[in-house]
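Comments concern the structure below.
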Amino acid sequence: MVGEFARVITFKTEYAQSLIDRFYLKESAPHIAISVDMLDTGIDVPEAVNLVFFKLVRSKTKFWQMMGRGTRLCPNLFGPGEHKAYFQVFDYCQNLEFFSEDPDTTDGPSGEPLGKRLFKARLELICELDAIDENLIAWRADEEMVDQSGELRRGLATRLHEEVEAMNLDNFIVRPQRRLVEKYREAGAWEELRFEERAELADEVAGLPHELDPEDEQAKRFDLLLLNLQLAVLKKEPSFARLRKQVVTIAGLLEERSAIPMVQKQLVIIQELQTDEWWEHATLTMLETVRRRLRDLVSLIEMKARKPVFTDFEDELGESTEVQFLEFISADEFERFRAKARHFLAAHLDHLVVHKLRMNEPLTAVDLAELERLLGESGVGSEIEIKQAREQSEGLGLFVRSLVGLDREAAKQALGRFLDGGTATASQIEFLDLIVDHLTEYGALSPARLYESPFIDVAAGGPESCFAANDVEELCSILGAIRDAAAG
């Protein structure tokens with residue numbers, strides 16, 4: 001460790017929480033914390049006056065949470081009697097400009113899961129093998145090339161067919177694509193793939209959950225590396241040199257672990273991979289052999305042996321642009337507004353619209369307008385605060401519901417079929433009680449929360465581990481209906 005003044009903090013960092021706790025302390029190092037996602041929310045360091053954004057953000061909620069890290073008040077920060085009056089944002093991805101224009105935003109992820117990328121890479125390789133014409137075959141290795149590419153294609157198609165075959169049609173994520181999954185469960189469907197079929201496999205089937213035994217993540221990443229390398233060979237892409245270098249690096253690290261019997265068994269090919277001669281004559285089949293023989297070994301490489309690459313670039317900063325947010329409300333101000341609104345609504349639970357929210361009765365546009373009038377005319381919140389509440393909670397009805405909760409009997413009534421059946425198991429009853437508790441306190445529940453604590457403390461695998469698939473789907477539908485009733 002070079003120093004303590006600045007530290008990288010990620011979920012892989014040893015004693016990450018201890019570092020965060022020390023970051024809270026004014027006189028304690030580290031004084032600069034560098035992270036991805038871990039410090040965006042829930043970190044209240046009043047002394048923070050410099051925020052650096054070096055990633056693209058398109059979620060308005062996440063953006064304002066990140067901005068909130070700088071809004072904490074701090075007395076005497078700039079000297080006796082000189083309280084914290086501002087903070088600076090160094091934004092290298094134009095997030096400030098983006099959100100100052102108040103565009104449509106999304107909270108969706110920007111990257112694809114590894115499993116989906118593997119599916120699509122295998123599919124693309126199948127398509128490239130199908131597209132090899134006779135001239136290319138003759139240029140490569142005549143009939144031998146035909147046999148090799150045919151064997152490779154069969155292996156790829158078999159793997160993808162097995163993956164689709166292992167997709168559970170009762171899974172509520174798979175069910176909307178039932179027609180396509182059933183179609184590609186037939187082995188004959190993989191013998192020849194037309195353009196339309198490739199498109200629907202890549203767009204609709206890739207990434208659906210399956211029930212094959214889970215594989216080591218490092219092995220899957222090695223699979224993806226070799227698949228991309230095979231594609232680079234077929235398509236004559238310049239990325240071949242970069243991908244080859246990665247494989248050679250992995251081979252070198254594996255050779256350092258030659259004392260392990262599994263590595264020793266593959267030492268010949270590991271050493272050959274590090275020679276130029278092997279790569280001069282590398283074929284798709286040779287690359288496939290490397291993939292199969294080394295994929296289960298890459299996890300043996302010590303993380304500390306994966307040496308970092310140091311670069312020395314001189315940054316050139318362009319002209320800065322000052323962006324004014326006229327409607328900016330600090331996190332502290334908004335929390336004060338939330339507390340005032342909760343106190344006010346607790347005294348007005350008999351108001352018609354508030355009562356409808358607590359009893360899970362659907363709201364109309366007129367009801368939502370009345371809620372806005374109620375909060376505004378009471379002096380609880382300004383027009384800007386109410387607008388921010390509406391945007392952050394995806395509707396004013398959901399914001400108010402989050403403060404007053406759902407009536408317990410109304411929550412039980414919504415889950416009536418599950419609670420009145422009389423045949424529920426002990427774990428099912430406990431799971432449903434947790435749902436009722438959450439709805440009573442917070443007013444709504446996202447199905448995704450069912451896979452987090454405290455629910456997984458009762459059912460480790462989520463609702464599927466104690467309910468049938470059709471019951472899980474119905475449960476998610478009920479939770480959606482409860483939310484929709486408040487959204488209006």
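Identifiers in the structure tokens: chain A, B, ... in order shown; residue index from 1 per chain; ligand index from 1 in order shown.
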- Hey, what's within 12 Å of A:Val290 if we count only C-alpha atoms and toss same-chain stuff fewer than 5 positions away? As a PyMOL selection string, please? chain A and resi 222-223+225-227+229-230+247-248+250-251+266-273+278-279+282-285+295-298
Separating atom CA of A:Val174 from atom CA of A:Pro209, to the nearest tenth of an Å, is a gap of 7.1 Å
query: What's the 7 Å shell around stretch 147-159 of chain A, counting only C-alpha atoms, without same-chain residues fewer than 4 positions away, as a ChimeraX atom specification?
result: /A:122,126,129,143,163,190,285
Okay, now the selection with N, CA and C atoms, as a CSV table (one decimal), in the first residue's frame?
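For reference, again-v6.csv as written:
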chain,number,residue,atom,x,y,z
A,122,ARG,N,-21.9,-16.9,-28.8
A,122,ARG,CA,-22.0,-18.2,-29.4
A,122,ARG,C,-22.9,-18.2,-30.7
A,126,ILE,N,-21.8,-19.0,-34.6
A,126,ILE,CA,-22.6,-20.0,-35.4
A,126,ILE,C,-22.9,-19.3,-36.8
A,129,LEU,N,-19.9,-19.0,-38.9
A,129,LEU,CA,-19.5,-20.3,-39.5
A,129,LEU,C,-20.4,-20.7,-40.6
A,143,GLU,N,-11.2,-29.6,-47.2
A,143,GLU,CA,-12.2,-30.4,-46.5
A,143,GLU,C,-11.9,-30.5,-45.0
A,163,GLU,N,-29.1,-24.9,-23.2
A,163,GLU,CA,-29.4,-23.7,-22.4
A,163,GLU,C,-30.9,-23.4,-22.5
A,190,TRP,N,-32.0,-25.8,-34.7
A,190,TRP,CA,-30.7,-25.2,-34.7
A,190,TRP,C,-29.8,-25.7,-35.9
A,285,THR,N,-10.3,-24.6,-34.4
A,285,THR,CA,-10.3,-25.8,-33.5
A,285,THR,C,-9.2,-25.8,-32.5
All residues 9 Å or closer to stretch 167-169 of chain A, only C-alpha atoms, same chain fewer than 2 positions away omitted, as a JSON list (two decimals) with C-alpha atoms, in the first residue's frame:
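Now in out_10.json:
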[["chain", "number", "residue", "atom", "x", "y", "z"],
["A", 162, "GLU", "CA", -29.15, -27.20, -23.83],
["A", 163, "GLU", "CA", -29.41, -23.71, -22.37],
["A", 164, "VAL", "CA", -32.83, -23.10, -23.94],
["A", 165, "GLU", "CA", -33.97, -26.60, -22.97],
["A", 171, "ASN", "CA", -40.66, -18.87, -14.57],
["A", 172, "PHE", "CA", -42.49, -15.54, -14.89],
["A", 173, "ILE", "CA", -39.50, -14.03, -16.73],
["A", 174, "VAL", "CA", -39.40, -16.87, -19.28],
["A", 175, "ARG", "CA", -43.16, -17.20, -19.72],
["A", 176, "PRO", "CA", -43.64, -14.13, -22.00],
["A", 177, "GLN", "CA", -41.24, -15.79, -24.49],
["A", 178, "ARG", "CA", -42.82, -19.24, -24.14],
["A", 181, "VAL", "CA", -38.47, -21.08, -26.02],
["A", 182, "GLU", "CA", -40.65, -24.01, -27.08],
["A", 208, "LEU", "CA", -33.41, -15.59, -20.12],
["A", 209, "PRO", "CA", -32.76, -17.52, -16.88],
["A", 210, "HIS", "CA", -32.08, -21.25, -17.14],
["A", 211, "GLU", "CA", -31.56, -24.09, -14.69],
["A", 212, "LEU", "CA", -28.20, -25.45, -15.85]]
Item to check | Filtered DSSP result for stretch 18-255 of chain A, state helix (DSSP H, G or I), as JSON, numbers by chain | outcome: {"A": [18, 19, 20, 21, 22, 23, 24, 60, 61, 62, 63, 64, 65, 66, 67, 68, 69, 70, 95, 96, 97, 98, 99, 100, 114, 115, 116, 117, 118, 119, 120, 121, 122, 123, 124, 125, 126, 127, 128, 129, 130, 134, 135, 136, 137, 138, 139, 140, 142, 143, 144, 145, 146, 147, 148, 149, 150, 151, 152, 153, 154, 155, 156, 157, 158, 159, 160, 161, 162, 163, 164, 165, 175, 176, 177, 178, 179, 180, 181, 182, 183, 184, 187, 188, 189, 190, 195, 196, 197, 198, 199, 200, 201, 202, 203, 204, 205, 217, 218, 219, 220, 221, 222, 223, 224, 225, 226, 227, 228, 229, 230, 231, 232, 233, 234, 235, 239, 240, 241, 242, 243, 244, 245, 246, 247, 248, 249, 250, 251, 252, 253, 254, 255]}
Q) Quick one: residues within 9 Å of A:Ala121, only C-alpha atoms counted, chain neighbours fewer than 6 positions away excluded, as a ChimeraX atom specification? A) /A:224,227-228,231
Need the shell around A:Gly376: protein/DNA/RNA residues with any atom at most 12 Å away, counting only C-alpha atoms. Skip same-chain ones fewer than 5 positions apart. Format as an MDAnalysis selection string?
chainID A and resid 337 341 344 369:371 381:387
Quiz prompt | Shell of 8 Å around A:Ile482, only C-alpha atoms, local chain residues under 6 positions omitted, as a list in words | solution = Asn360, Ala414 and Ala444 of chain A
Nearest to A:Ala424, chosen from A:Phe467, A:Tyr442, A:Phe399, A:Phe5, with only C-alpha atoms counted in the distances:
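Of A:Phe467, A:Tyr442, A:Phe399, A:Phe5, the one nearest A:Ala424, counting only C-alpha atoms, is A:Phe467.
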* Between atom CA of A:Gln274 and atom CA of A:Lys245, what is the spacing in Å? ->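 Interatomic distance here is 9.2 Å.
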Restrict the calculation to only C-alpha atoms, then for each residue of stretch 6-60 of chain A with any atom at most 12 Å from an atom of stretch 73-80 of chain A give the closest atom pair and their distance in Å to one decimal, rows by chain and rising residue number, as a Markdown table.
| residue | atom | partner | partner_atom | distance |
| --- | --- | --- | --- | --- |
| A:Lys26 | CA | A:Leu77 | CA | 10.3 |
| A:Asp44 | CA | A:Leu73 | CA | 9.9 |
| A:Val45 | CA | A:Cys74 | CA | 8.9 |
| A:Pro46 | CA | A:Cys74 | CA | 5.2 |
| A:Glu47 | CA | A:Cys74 | CA | 6.3 |
| A:Ala48 | CA | A:Cys74 | CA | 9.0 |
| A:Val49 | CA | A:Leu77 | CA | 9.7 |
Using only C-alpha atoms, the residue out of A:Pro113, A:Gly488, A:Pro463, A:Gly416 with shortest distance to A:Val366 is A:Gly488
